[in-house]
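*Asks:* Let me begin by handing over the structure; questions about it come next.
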Amino acid sequence: MDFLIMNEGFPLLSTLVFLPLAGAFILLFLPGENTQRIWTTLVTIVTAVLSFPLYSGFDSTTAKYQFGEHMSWIPSLNINYTLGIDGISLLLVLLTTFIMPLCVVGSWTYIQKRVKEFMICLLIMETAMLGVFMALDFVLFYVLWEAMLIPMYLLIGVWGGPRKIYASIKFFLYTLAGSVMLLVAIIALYLHTGTFSIPTMMGQDYSTTMQIWVFLAFFLAFAIKVPMFPFHTWLPAAHVEAPTAGSVILASILLKMGTYGFLRFCLPITPLATLSLGPYILWMSIAAILYGGFTALAQSDMKKLIAYSSVGHMGFVTLGIFFLNQQGLEGAILQMINHGVTTGALFLCVGMMYERTHSREIADHSGIAQNVPIFVSFLTVFSLSSLAFPATNSFVGEFLVLAGAFSENKIIAGAAIPGAILAAAYMMRLLQHVLFRGPGRPDLADLNIREIATLAPLLFFVFWIGLAPEPFLSVLHTSVGYLLQQVDVAQSAHMAAMMLP
Amino acid sequence: MEIVNAVTGDIVTSSKLVWALMVPLIGAILVSMSGKKPNLRESFSVVSAVILCSMVLTMVKPVVGGTIYTYQLFKILPGITVTLRADAFSMIFALVASSLWIAAAFYSMGYMRGLNEHAQTRFNTCFAIAIFGAIGVAFSDNLFTMYLFYEVVSVCTYPLVAHHQDEEAYEGAKKYIVYLTTTAKGLLLPSMAIIYVMTGNLDFPTNINVGMFPADANAAIVTMLFIFCLFGFAKNGVMPFHHWLPGAMVAPTPVSALLHAVAVVKVGVFCTTRMMLYGFGTDLMSALNLGIPTAYFVGFTIVMASVIAMTKDNLKARLAYSTVSQLSYIILGVCLLTPHGIAGGLIHIANHAFSKITLFFCAGAIYVATHKKNISEMGGLAKTMPFTFGAFAVASLSMIGAPPVAGFVTKWELLVGTIESGSFGIILVLLASTVLNVCYFGPVAYKAFFGQRPAGEKFEGIKEAPLSMVIPLCTASLISVIIGIYPNFFMNFVKAVIG
């Protein structure tokens, strides 16, 4: 267990994972819709507050997993309940606990039927998502990974829009198809190492062929989740039909699971395959960036526009990851957080207008700036953040990714630049229509206090990460450095083996 | 205050810069909140302009003496900060932008009220934010800060260009934003990333010789970056990325005046020249022979834009192409890489600003008084609007480069610089441009003063535009004459830049 710094005393990680679940259980017996809403808000806020000590107590000088917890679960198969976080998962855990209260508050009036069930789904989602980011045992990881599907399926299928059944089944089938491959890869690794411990699987001397196959299985599972072009078609459908909170969770956190999977599994477990297949994935990322950008430019539906922009933004993340250098990786991880903040905020914005107009069409919202100035101010800032305006969060991430890219391969990096231009184009187009064109909607009411309170924290993070990202980057340095070192070690070991007669 | 000795003088950390930068921003916020009281709103604009200008003026004396003010606001990444700096080079632009904001604030009050324009609060707010961006560009200490404020200017002037909210305005604004963001994202963003990868930071040095690049930098990449920066700051109007400027002329005239004669286009040339002198440095530019070829390249813009200007009957369109042509004078001067050439280029930032804003102010005043946009309809108007056309004639002389108006100083320095550099082809460019300037400005004034009123059209009831418009335009033309006779005020800064 030398990879894990055990947590003596209060089991913080387990508390975070199971608190929402316990909250969901109590929610079963709570009467009254408002009580249920307030209770869920409380539970998510308490979870968020409890997650702060993770940051303050985090030791950014070591690459080991911290706050570790270890318990035997199924001893005969060597399956354990192991939790721990490093710099990479820390930010994602914090993002999750931070986004969830906003989702609950943001759906206060949006959800009018089956409030209790909706809130239960949200809380179960939170448990599963936090568990995925903390799990260090592959079976535990897989169980939670699959567990996320069910509440998400229900969120889309029950509270979704007109084509909710189509969207939820498509979402379910796509992700499940990927998950099956993930299971195959896990079993293959288990047969080879006899353990399900993720850190133990890293740095093993797998044959190149095996690495390639395991990598491909991983890749399919995670590429669908990201989603990378051409595995993205479930995403616009799911986003468009999902309720606001569902879209926010999907965009802010679920998509990050794919790129988190690349970082946690592909790079350290199958480093040789990563090195040999990485260049192809870079070009796939470029395809995703350009495809997402061009398609977003053609949308008349605001949610679809943001959904396709996500494909492009996540393309930047995978681009940063597979260049395999410090700047690119740090930029990619920061970009994951940024995308969570910005796209989450944009979906909340669209949801707030949907509540008023019952439409997601840009044309139905043209010229509303004069009627809802506060809303439009928020939308403008978040759109600028989405197009990587300097001094907002996305710029820092995108710039780091580009710096990492330009230091490795100027041609691939240059090919990503049109994506940055397209981001400006589709966001400016959205803003032009919402701000100027059209007669406006005098019947709309501007944002109320609750809605402002939902968006304000996200606005704060847009500028905090944009102007002083050091607190976010400082926790990454060691973990990312260690990750790269793992790849390097595998590469040099492989080279040395090749030179032997 | 922490004082560090440096080669060029003292580097002083001073929060004065931040306050100066905040004034237009606070002004913008106050303006946006006082939408229901027009008088209060306009007085906020004027008061912020006056405060800003006086704050900039207090820095004049130390900066001429070699002091450099700096202030670090945020640290983004290792080697990338948001840092402000006021050196002699920034002061040229900061003074121009802040002093002309006062004139433009008065002028736009008269113009917007005279025409009963809609959305005046939005207009005034965006106007103030544009000045915030321009001052930020002037005061930027590194490429990132400059890029940040450059983009601020792009975004917040969009509502100004689209102000009329009709199809023409949308088309102009679309063209405007497409040209500016495409070049900025497509060329500047990768340039910044590559420079950051090459050098580990984006800071400008404090003199114009050394530049940012290491001595062993790859010449091909540096040349490529040079080209990227020339076109990336597309606000400088260098052909072929100049087309947004005539398109943006659909904006109300005060916008055209301040933003397209002063703030926006000057942000473009300021960034370009800052990047040339402080980013690449004169040593590297002459070593890689980047100067003279660029001078010839922008020479094409100078001549071509003048030729196009002659064909335009719409006064604002003619002025727009004249701007495209005149902006390239500044870049041409700097590219000569001789002391007089650089002096001519930099002094033209100020000279062109005062003269061109006069011309635009006149065009606006004519429109408010007569609702006429085309030169062919302006025959004999000078008899009823003597002040406006008098100022117009003076400013035209400055554009042509006739003494004693400001433009003469530019022409003189540029010609001396050209002879110093030995590129005699450039002299032809300058002479051709002067002749062309006469060809397209001369007829306007001639027609107004000596032309006949069109038959059957009554001019009774037409008189000068409101005083709040006539006074700023006369003042601006007067300043054009004053800085033509006493060029030393701005020349002192230029000398401090050249060192």
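Identifiers for the structure tokens are assigned positionally: chains receive A, B, ... in sequence, residues are indexed from 1 per chain, and ligands are indexed from 1 in the order shown.
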List every residue of chain B that has an atom at most 10 Å from any atom of chain A, giving for each one its closest atom pair and the distance in Å to one decimal, counting only C-alpha atoms, sorted by chain and then by ascending residue number, as JSON lines.

*Replies:*
```
{"residue": "B:Leu73", "atom": "CA", "partner": "A:Leu467", "partner_atom": "CA", "distance": 9.0}
{"residue": "B:Phe74", "atom": "CA", "partner": "A:Leu467", "partner_atom": "CA", "distance": 6.0}
{"residue": "B:Lys75", "atom": "CA", "partner": "A:Ala468", "partner_atom": "CA", "distance": 6.0}
{"residue": "B:Ile76", "atom": "CA", "partner": "A:Ala468", "partner_atom": "CA", "distance": 5.3}
{"residue": "B:Leu77", "atom": "CA", "partner": "A:Glu470", "partner_atom": "CA", "distance": 7.1}
{"residue": "B:Pro78", "atom": "CA", "partner": "A:Glu470", "partner_atom": "CA", "distance": 9.1}
{"residue": "B:Thr81", "atom": "CA", "partner": "A:Leu467", "partner_atom": "CA", "distance": 8.8}
{"residue": "B:Val82", "atom": "CA", "partner": "A:Leu467", "partner_atom": "CA", "distance": 8.2}
{"residue": "B:Ala119", "atom": "CA", "partner": "A:Gln370", "partner_atom": "CA", "distance": 9.3}
{"residue": "B:Arg122", "atom": "CA", "partner": "A:Gln370", "partner_atom": "CA", "distance": 10.0}
{"residue": "B:Phe144", "atom": "CA", "partner": "A:Pro390", "partner_atom": "CA", "distance": 8.2}
{"residue": "B:Thr145", "atom": "CA", "partner": "A:Pro390", "partner_atom": "CA", "distance": 8.7}
{"residue": "B:Tyr147", "atom": "CA", "partner": "A:Pro390", "partner_atom": "CA", "distance": 7.6}
{"residue": "B:Leu148", "atom": "CA", "partner": "A:Pro390", "partner_atom": "CA", "distance": 5.2}
{"residue": "B:Phe149", "atom": "CA", "partner": "A:Pro390", "partner_atom": "CA", "distance": 8.6}
{"residue": "B:Tyr150", "atom": "CA", "partner": "A:Pro390", "partner_atom": "CA", "distance": 9.8}
{"residue": "B:Glu151", "atom": "CA", "partner": "A:Phe389", "partner_atom": "CA", "distance": 7.6}
{"residue": "B:Val152", "atom": "CA", "partner": "A:Phe389", "partner_atom": "CA", "distance": 8.8}
{"residue": "B:Val155", "atom": "CA", "partner": "A:Met428", "partner_atom": "CA", "distance": 9.2}
{"residue": "B:Tyr158", "atom": "CA", "partner": "A:Gln432", "partner_atom": "CA", "distance": 9.2}
{"residue": "B:Pro159", "atom": "CA", "partner": "A:Phe436", "partner_atom": "CA", "distance": 8.3}
{"residue": "B:Ala162", "atom": "CA", "partner": "A:Phe436", "partner_atom": "CA", "distance": 8.2}
{"residue": "B:His163", "atom": "CA", "partner": "A:Phe436", "partner_atom": "CA", "distance": 9.0}
{"residue": "B:His164", "atom": "CA", "partner": "A:Phe436", "partner_atom": "CA", "distance": 9.9}
{"residue": "B:Gln165", "atom": "CA", "partner": "A:Phe436", "partner_atom": "CA", "distance": 6.8}
{"residue": "B:Asp166", "atom": "CA", "partner": "A:Arg437", "partner_atom": "CA", "distance": 8.5}
{"residue": "B:Glu167", "atom": "CA", "partner": "A:Arg437", "partner_atom": "CA", "distance": 9.3}
{"residue": "B:Tyr170", "atom": "CA", "partner": "A:Arg437", "partner_atom": "CA", "distance": 8.4}
{"residue": "B:Ala173", "atom": "CA", "partner": "A:Gln432", "partner_atom": "CA", "distance": 9.4}
{"residue": "B:Lys174", "atom": "CA", "partner": "A:Gln432", "partner_atom": "CA", "distance": 8.7}
{"residue": "B:Ile177", "atom": "CA", "partner": "A:Met428", "partner_atom": "CA", "distance": 8.3}
{"residue": "B:Val178", "atom": "CA", "partner": "A:Ala425", "partner_atom": "CA", "distance": 7.4}
{"residue": "B:Thr181", "atom": "CA", "partner": "A:Ala424", "partner_atom": "CA", "distance": 7.1}
{"residue": "B:Thr182", "atom": "CA", "partner": "A:Ile421", "partner_atom": "CA", "distance": 5.6}
{"residue": "B:Thr183", "atom": "CA", "partner": "A:Ile421", "partner_atom": "CA", "distance": 8.5}
{"residue": "B:Ala184", "atom": "CA", "partner": "A:Ile421", "partner_atom": "CA", "distance": 8.6}
{"residue": "B:Lys185", "atom": "CA", "partner": "A:Ile421", "partner_atom": "CA", "distance": 5.6}
{"residue": "B:Gly186", "atom": "CA", "partner": "A:Ile417", "partner_atom": "CA", "distance": 5.9}
{"residue": "B:Leu187", "atom": "CA", "partner": "A:Ile417", "partner_atom": "CA", "distance": 8.5}
{"residue": "B:Leu189", "atom": "CA", "partner": "A:Phe399", "partner_atom": "CA", "distance": 8.0}
{"residue": "B:Pro190", "atom": "CA", "partner": "A:Ile417", "partner_atom": "CA", "distance": 7.2}
{"residue": "B:Ser191", "atom": "CA", "partner": "A:Phe406", "partner_atom": "CA", "distance": 9.8}
{"residue": "B:Met192", "atom": "CA", "partner": "A:Ala403", "partner_atom": "CA", "distance": 8.6}
{"residue": "B:Ala193", "atom": "CA", "partner": "A:Ala403", "partner_atom": "CA", "distance": 4.9}
{"residue": "B:Ile194", "atom": "CA", "partner": "A:Phe406", "partner_atom": "CA", "distance": 6.2}
{"residue": "B:Ile195", "atom": "CA", "partner": "A:Ala403", "partner_atom": "CA", "distance": 9.0}
{"residue": "B:Tyr196", "atom": "CA", "partner": "A:Ala403", "partner_atom": "CA", "distance": 7.0}
{"residue": "B:Val197", "atom": "CA", "partner": "A:Ser407", "partner_atom": "CA", "distance": 6.0}
{"residue": "B:Met198", "atom": "CA", "partner": "A:Ser407", "partner_atom": "CA", "distance": 8.2}
```

*Asks:* Let me make sure I understand: among B:Gly281, B:Pro254, B:Pro403, B:Pro24, which one has the smallest atom-to-atom distance to Thr125 in chain B if we use only C-alpha atoms?

*Replies:* B:Pro24

*Asks:* Quick one: residues within 9 Å of range 86-93 of chain B, only C-alpha atoms counted, chain neighbours fewer than 2 positions away excluded, as number ranges by chain?

*Replies:* B: 17, 56, 59-60, 63-64, 66-70, 84, 95-98, 134-135, 137-141, 206, 263, 266-267, 270, 274, 346-347, 349-350, 490, 492-497

*Asks:* Please return, as an mmCIF file with C-alpha atoms, in the first residue's frame, all residues of range 53-200 of chain A that DSSP assigns to helix (DSSP H, G or I) on the basis of the backbone.

*Replies:*
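Listing of out13.cif after writing:
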```
data_model
loop_
_atom_site.group_PDB
_atom_site.id
_atom_site.type_symbol
_atom_site.label_atom_id
_atom_site.label_comp_id
_atom_site.auth_asym_id
_atom_site.auth_seq_id
_atom_site.Cartn_x
_atom_site.Cartn_y
_atom_site.Cartn_z
ATOM 1 C CA PRO A 53 -10.844 20.283 4.093
ATOM 2 C CA LEU A 54 -9.758 18.114 1.158
ATOM 3 C CA TYR A 55 -8.153 21.181 -0.387
ATOM 4 C CA SER A 56 -6.764 22.692 2.788
ATOM 5 C CA PRO A 75 -11.539 -11.114 -0.130
ATOM 6 C CA SER A 76 -11.839 -14.289 -2.236
ATOM 7 C CA LEU A 77 -11.526 -12.250 -5.426
ATOM 8 C CA GLY A 87 -4.084 16.262 -7.446
ATOM 9 C CA ILE A 88 -5.936 15.225 -10.582
ATOM 10 C CA SER A 89 -9.019 13.893 -8.839
ATOM 11 C CA LEU A 90 -9.005 16.555 -6.095
ATOM 12 C CA LEU A 91 -10.164 19.318 -8.415
ATOM 13 C CA LEU A 92 -12.800 17.099 -9.991
ATOM 14 C CA VAL A 93 -14.166 16.095 -6.588
ATOM 15 C CA LEU A 94 -14.368 19.739 -5.590
ATOM 16 C CA LEU A 95 -16.016 20.623 -8.899
ATOM 17 C CA THR A 96 -18.645 17.949 -8.270
ATOM 18 C CA THR A 97 -19.487 19.022 -4.741
ATOM 19 C CA PHE A 98 -19.538 22.644 -5.887
ATOM 20 C CA ILE A 99 -21.814 22.151 -8.891
ATOM 21 C CA MET A 100 -24.422 19.984 -7.133
ATOM 22 C CA PRO A 101 -25.977 22.649 -4.839
ATOM 23 C CA LEU A 102 -26.247 24.943 -7.863
ATOM 24 C CA CYS A 103 -28.072 22.191 -9.759
ATOM 25 C CA VAL A 104 -30.545 21.767 -6.921
ATOM 26 C CA VAL A 105 -31.165 25.479 -6.490
ATOM 27 C CA GLY A 106 -31.280 25.928 -10.252
ATOM 28 C CA VAL A 115 -39.900 16.557 -6.969
ATOM 29 C CA LYS A 116 -38.900 13.938 -4.418
ATOM 30 C CA GLU A 117 -37.838 11.404 -7.007
ATOM 31 C CA PHE A 118 -35.917 14.066 -8.917
ATOM 32 C CA MET A 119 -33.979 15.101 -5.847
ATOM 33 C CA ILE A 120 -33.258 11.484 -4.960
ATOM 34 C CA CYS A 121 -31.830 10.951 -8.431
ATOM 35 C CA LEU A 122 -29.605 13.988 -8.017
ATOM 36 C CA LEU A 123 -28.294 12.783 -4.673
ATOM 37 C CA ILE A 124 -27.607 9.259 -5.923
ATOM 38 C CA MET A 125 -25.829 10.811 -8.892
ATOM 39 C CA GLU A 126 -23.626 12.775 -6.521
ATOM 40 C CA THR A 127 -22.683 9.669 -4.561
ATOM 41 C CA ALA A 128 -21.784 7.784 -7.708
ATOM 42 C CA MET A 129 -19.837 10.634 -9.265
ATOM 43 C CA LEU A 130 -17.802 11.349 -6.164
ATOM 44 C CA GLY A 131 -17.112 7.646 -5.810
ATOM 45 C CA VAL A 132 -15.860 7.371 -9.379
ATOM 46 C CA PHE A 133 -13.333 10.134 -8.818
ATOM 47 C CA MET A 134 -12.150 8.605 -5.534
ATOM 48 C CA PHE A 138 -11.341 -1.256 -10.329
ATOM 49 C CA VAL A 139 -14.462 -3.147 -9.296
ATOM 50 C CA LEU A 140 -15.563 -0.328 -7.037
ATOM 51 C CA PHE A 141 -14.876 2.082 -9.872
ATOM 52 C CA TYR A 142 -16.842 0.018 -12.329
ATOM 53 C CA VAL A 143 -19.822 -0.441 -10.036
ATOM 54 C CA LEU A 144 -20.068 3.298 -9.437
ATOM 55 C CA TRP A 145 -19.402 4.055 -13.097
ATOM 56 C CA GLU A 146 -22.400 1.945 -14.051
ATOM 57 C CA ALA A 147 -24.423 3.250 -11.137
ATOM 58 C CA LEU A 149 -26.144 5.587 -15.673
ATOM 59 C CA ILE A 150 -29.381 4.782 -13.916
ATOM 60 C CA PRO A 151 -30.178 8.097 -12.231
ATOM 61 C CA MET A 152 -29.026 9.935 -15.356
ATOM 62 C CA TYR A 153 -31.264 7.752 -17.497
ATOM 63 C CA LEU A 154 -34.155 8.595 -15.223
ATOM 64 C CA LEU A 155 -33.330 12.289 -15.149
ATOM 65 C CA ILE A 156 -33.550 12.466 -18.917
ATOM 66 C CA GLY A 157 -36.312 9.913 -19.353
ATOM 67 C CA VAL A 158 -38.735 11.210 -16.721
ATOM 68 C CA TRP A 159 -38.149 14.950 -16.531
ATOM 69 C CA LYS A 164 -36.896 12.186 -23.821
ATOM 70 C CA ILE A 165 -37.303 8.461 -24.373
ATOM 71 C CA TYR A 166 -35.273 8.493 -27.560
ATOM 72 C CA ALA A 167 -32.570 10.583 -25.929
ATOM 73 C CA SER A 168 -32.353 8.591 -22.719
ATOM 74 C CA ILE A 169 -32.169 5.239 -24.481
ATOM 75 C CA LYS A 170 -29.549 6.533 -26.871
ATOM 76 C CA PHE A 171 -27.533 7.854 -23.960
ATOM 77 C CA PHE A 172 -27.873 4.577 -22.100
ATOM 78 C CA LEU A 173 -26.944 2.364 -25.031
ATOM 79 C CA TYR A 174 -23.918 4.392 -26.056
ATOM 80 C CA THR A 175 -22.454 4.574 -22.565
ATOM 81 C CA LEU A 176 -23.256 0.960 -21.831
ATOM 82 C CA ALA A 177 -21.529 -0.173 -25.010
ATOM 83 C CA GLY A 178 -18.419 1.629 -23.832
ATOM 84 C CA SER A 179 -18.721 0.267 -20.318
ATOM 85 C CA VAL A 180 -18.785 -3.321 -21.550
ATOM 86 C CA MET A 181 -15.440 -2.809 -23.208
ATOM 87 C CA LEU A 182 -14.187 -1.268 -19.991
ATOM 88 C CA LEU A 183 -15.228 -4.400 -18.112
ATOM 89 C CA VAL A 184 -13.387 -6.589 -20.604
ATOM 90 C CA ALA A 185 -10.253 -4.535 -20.112
ATOM 91 C CA ILE A 186 -10.557 -4.728 -16.341
ATOM 92 C CA ILE A 187 -10.858 -8.510 -16.424
ATOM 93 C CA ALA A 188 -7.938 -8.807 -18.795
ATOM 94 C CA LEU A 189 -5.806 -6.774 -16.428
ATOM 95 C CA TYR A 190 -7.043 -8.780 -13.441
ATOM 96 C CA LEU A 191 -6.086 -12.056 -15.098
ATOM 97 C CA HIS A 192 -2.630 -10.667 -15.650
ATOM 98 C CA THR A 193 -1.979 -9.099 -12.244
ATOM 99 C CA ILE A 198 -5.705 0.480 -9.821
ATOM 100 C CA PRO A 199 -2.358 1.838 -8.571
ATOM 101 C CA THR A 200 -0.904 -1.676 -8.507
#
```

*Asks:* Residues within 8 Å of range 417-429 of chain B, please, as a PDB file with C-alpha atoms, in the first residue's frame. Count only C-alpha atoms; anything in the same chain fewer than 5 positions from it doesn't count.

*Replies:*
```pdb
ATOM      1  CA  ILE B 292      12.182  47.912 -45.425  1.00  0.00           C
ATOM      2  CA  ALA B 295       7.630  49.476 -45.311  1.00  0.00           C
ATOM      3  CA  TYR B 296       7.092  48.749 -48.995  1.00  0.00           C
ATOM      4  CA  GLY B 299       3.332  51.559 -48.784  1.00  0.00           C
ATOM      5  CA  PHE B 300       0.975  49.669 -51.049  1.00  0.00           C
ATOM      6  CA  ILE B 302      -0.997  53.897 -48.306  1.00  0.00           C
ATOM      7  CA  VAL B 303      -1.320  54.413 -52.056  1.00  0.00           C
ATOM      8  CA  GLY B 333       7.798  55.148 -40.252  1.00  0.00           C
ATOM      9  CA  LEU B 336      12.280  52.443 -41.596  1.00  0.00           C
ATOM     10  CA  LEU B 337      14.184  51.669 -38.372  1.00  0.00           C
ATOM     11  CA  THR B 338      15.994  55.005 -38.403  1.00  0.00           C
ATOM     12  CA  PRO B 339      15.592  57.554 -35.602  1.00  0.00           C
ATOM     13  CA  HIS B 340      13.770  60.049 -37.781  1.00  0.00           C
ATOM     14  CA  GLY B 341      11.624  57.390 -39.349  1.00  0.00           C
ATOM     15  CA  ILE B 342      10.513  56.044 -35.980  1.00  0.00           C
ATOM     16  CA  GLY B 344       7.795  60.378 -37.773  1.00  0.00           C
TER      17      GLY B 344
END
```

*Asks:* Using only C-alpha atoms, determine which residues lie at most 12 Å from Ile471 in chain B, disregarding the query and same-chain residues fewer than 6 positions distant; provide the list as a PyMOL selection string.

*Replies:* chain B and resi 102-108+110+358+361-362+365+387-388+391+464-465+477-478

*Asks:* For Thr311 in chain B, please output as a PyMOL selection string all residues within 12 Å (counting only C-alpha atoms; exclusion window: fewer than 3 positions along the same chain).

*Replies:* chain B and resi 304-308+314-315+317-319+321-322+374-376+436+439-441

*Asks:* Could you please determine the separation between CA of Phe460 in chain A and CA of Val248 in chain A in Å, to one decimal place?

*Replies:*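 Computing it gives 17.5 Å between the two atoms.
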
*Asks:* Would you list, as a list in words, the residues of range 76-111 of chain A that end up in strand (DSSP E) under DSSP run on this structure's backbone?

*Replies:*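 Secondary structure check on range 76-111 of chain A, strand (DSSP E): Ile79, Asn80, Tyr81, Thr82, Leu83, Gly84 and Ile85 of chain A.
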
*Asks:* Could you save the residues just selected, with C-alpha atoms, as a compact mmCIF listing (two decimals), in the first residue's frame?

*Replies:*
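Here's the written file out_36.txt:
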```
# COMPACT_ATOMS: atom_id res chain seq x y z
CA ILE A 79 -11.70 -6.94 -4.29
CA ASN A 80 -11.30 -4.06 -1.88
CA TYR A 81 -13.01 -0.85 -0.95
CA THR A 82 -10.14 1.59 -1.55
CA LEU A 83 -10.57 5.32 -1.76
CA GLY A 84 -7.96 8.04 -2.24
CA ILE A 85 -7.41 11.20 -4.23
```

*Asks:* Could you tell me which of B:Asn142, B:Thr253, B:Ser45, B:Asn207 comes closest to Leu160 in chain B if we count only C-alpha atoms?

*Replies:* B:Thr253

*Asks:* Kindly indicate which residue among A:Phe382, A:Phe196, A:Trp234, A:Phe262 lies nearest to Ala217 in chain A, using only C-alpha atoms for the distances.

*Replies:*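 Comparing A:Phe382, A:Phe196, A:Trp234, A:Phe262 against Ala217 in chain A, the winner is A:Phe262.
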
*Asks:* Report the distance between CA of Ser60 in chain A and CA of Leu483 in chain A in Å, rounded to one decimal place.

*Replies:*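 The value is 14.1 Å.
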
*Asks:* Suppose you want the space between CA of Thr272 in chain B and CA of Phe132 in chain B; what is it in Å?

*Replies:* 19.0 Å

*Asks:* Ile306 in chain A: which residues within 12 Å, counting only C-alpha atoms, same-chain residues fewer than 5 positions away excluded, as a PyMOL selection string?

*Replies:* chain A and resi 235-237+239-240+247-248+251-252+292-293+295-301+311-313+339+342-350+360+362+382-383+386-387+423+426-427+430
